[in-house]
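Report on the structure given below.
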Amino acid sequence: MNNTEVLRVYLWQIFLQRPLGILGGGMLLLAAIVAILAPTIAPYDPYAHITIQPEEVMAPPGPGHLLGQDDAGRDVLSLLVYGARVSLTVGFAASLMSMFIGTTVGMVAGYFGGKIGNILMRITDGLMVIPNLPLMLVLIAVWGRGLWKIILVIGLLGWTYTARLVRSQVLSIKERPYVLRAKAIGASGLRIIVYHIFPQVVPLVLAEAVLDISASILAESSLSFLGLGDPMLVSWGSMLNFAFERGAISRGAWWYLLPPGLGIVWVTLGLIFLGNTLEEIINPRLHTHHLFDPRRMVALVADAVPEATTE
Amino acid sequence: MGRREYLIRKLVFAIFTLAVMLVFNFTLFRILPGDPAKLLVRDPRLSREAQERIRRNFGLDKPVWFNSEGSTVEVLVPSVALLAEPLDSGEVVSQAVQGERLDYVERSADGQWLSVLQINAEGRISARGWVQAGGVRVHVSLFDSQFFAYLRNLLKGDMGVSFSLRRDVSELLADRIWRTVILLLGGEIVAVVLGCVAGLLAAWRRGTRLETGLLTLGLISWALPTFWLGLILLILARGRLPIGGMVTAGLHHAGALEYWLDVGKHLVLPTLTLAIVYLGEFMLIMRSSVLEIFAEDYILVAKAKGLTTFQIIKDHALKNAALPMVTIVALTLGYTVGGAIQVETVFSWPGIGRLMYDAVTKRDYPVLQGTFLLLALSVILANFLADILYLILDPRVKPD
């Protein structure tokens, strides 16, 4: 068995030992399936025009409507199912953008260092200091509401942490012999970054991306709750905004308040479980420490690398 | 790195961030499609004089960033006539005497004439017209521009007037800031203390059920949307605790003790919400930094010396874990402020966050601009203070 195979088996074993990671992946997968199959799963079309009777306003759960009805008489379950689409779309799209900017800034700042690196990192620090949600609020309030605007605003403001993470990783990678050798035989900076450094930061960025998606989803739901979501789309945040603004609390309409929030928590928790597990696997320094019972430490390592020890 | 160098670097960074924030705040609201000042000026119902006055008050007649055109005109000769339309050799509108200063310069195409305003003692425009460039001297002040007018107004504490509340924005902010500070301080302190204890416990008991439990709770707290947790607590506490506002209506005239007890009751739910939401992150960070410290060789040495686990944690681990905690508390302040907006909105807590939410729903741009600036400034300042605290805590930054 060669080295990479040992590593792969080792990582796989570690992953299997972490039920939270598997649980998180499963939760995310389920949410994705619901979002994709929303038109089939949802019992009603939340975008359809309906006429309702007064008693249907915020009606409690019943046979026709498993999760009750909202203030406009729409089926809460259907809203919940369709809401997954906005959350996941915004989460993934915004994070894709953040990861792209963050990784690029981090790699360039880390590899080239000097003046460019300094300027890039000062910009990153500055953006980090500015309170995110107020900045997003102001930008959307001025710029107007819309799905793409929300994605852009969240994506353009969410890359700072990734940039710092990638930069510190690149600082150590660029001193490794194979990078120095590539440099010695005349590879350009761009080539070294793309072919030699980027593959090394991918695992780190991946774990970070999973966590970042959850942050983006939380940001979208907060914006929508504060009344700045896309007015044409149903999202979990905007459902809660309507519920809050139209008196679901004084009516005690828990069926209108609970499901959208649980939807958000379901997805973000799944992502956080998964992301944290990935991060723990990638950062082996967290596995053990000196105040730890040494017998258990040995057992843990032996468990984790059965193949490597027998080989 | 010496202390002085460190301090100067941090100070320069804070000032630079502040400057960028000011420029951003000015630009963003200046490019608004619905800039109220511009709309007012374009309103055809207003007389030309009234329009001119609005332009002057908002500084819209000035260049945006720097003024290289000139801003005041000093009359050199004994008297100068202001003409209505000099090119048609129009009538004399007014006379300006020697030494008098006239406002605002725009040169005619041939450079022979200057467009000016004459301002009377009350600061009103008394005449507008053209003077011949020969008899006057133009004063150019680079800083007589819209941007610097904005800065001057800010320094004077003038942040405009709220559209919806018809009150000075700075007055509104001063009224409300301390309420937000109380709320955030309470939530933050509870979260930091509990988070540190739980994080330490989780790291120390690595691999046990306790750790898994704490870790899972921490991750759940991380995943909770602040506003939703608030809503759920609200619906649960209905009838038991006050569910909104800061004091019960009518209690303003009660005794101080009764008043503050009532405020305290109103504080329970918002503080609890903030504490729960931030607890998780602090706990997770504390756990991982303590874990990293436990893996250091000096912990092994301490253990070899025969120190008890308690001594090791107290003297070696906690001190070193304090540094990353300070950094993370400072770094997350921006998020904390975002949490305040959500919590204040849910609980109708009359602070800066609720003010901002109301401003968003009513499109009250002066208030929006003011609240954002205040929040950004506070976080920049708090970060600078955290950097100073770091200086005190980190022995690696040497005294000069």
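Order determines the names: the first chain of the structure tokens is A, the second B, and so forth; residues in each chain are numbered 1 upward, and ligands are numbered 1 upward as they are shown.
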Chain B residues near chain A (8 Å cut-off, only C-alpha atoms) as an NGL selection string: :B and (13 or 17 or 28-29 or 32 or 204 or 206 or 219-220 or 223-225 or 227-228 or 231-232 or 234-235 or 288 or 291-292 or 294-296 or 299-300 or 309 or 331 or 333-335 or 337-338 or 342 or 346 or 357 or 360-361 or 363 or 368-369 or 372 or 375-376 or 379-380 or 383)
Spatial neighbours of Glu344 (chain B), 7 Å, only C-alpha atoms, chain gap at least 6 places, as JSON, numbers by chain: {"B": [350, 351, 353, 354]}
Kindly export the residues of the current selection with C-alpha atoms, as a PDB file, in the first residue's frame.
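So the final result, stored in selection25.pdb, reads:
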```pdb
ATOM      1  CA  PRO B 350     -35.343  51.028  21.875  1.00  0.00           C
ATOM      2  CA  GLY B 351     -31.635  51.079  21.032  1.00  0.00           C
ATOM      3  CA  GLY B 353     -30.421  48.386  16.362  1.00  0.00           C
ATOM      4  CA  ARG B 354     -34.170  48.941  16.508  1.00  0.00           C
TER       5      ARG B 354
END
```
12 Å contact set for Arg240 (chain B), only C-alpha atoms, chain neighbours under 5 positions out, as a PyMOL selection string: chain B and resi 233-235+265-266+268-269
From A:Trp255, A:Tyr178, A:Trp148, A:Phe100, residue lying nearest Glu208 (chain A) [only C-alpha atoms]: A:Phe100
Atom-to-atom span, CA of Asp144 (chain B) and CA of Glu74 (chain B), Å: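 Between CA of Asp144 (chain B) and CA of Glu74 (chain B) the gap works out to 15.8 Å.
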Contacts of Asn67 (chain B) at 8 Å (only C-alpha atoms; same-chain gap of 5+ positions) as a list in words: Lys62, Val140, Ser141, Leu142, Phe143, Asp144 and Ser145 of chain B
Region 186-197 of chain B environment, 7 Å, only C-alpha atoms, sequence neighbours closer than 4 positions dropped, as a list in words: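 Counting only C-alpha atoms, the residues come to Ile182, Leu201, Thr271, Leu272, Leu274, Ala275, Ile276, Tyr278, Leu279, Gly280, Phe282, Met283 and Met286 of chain B.
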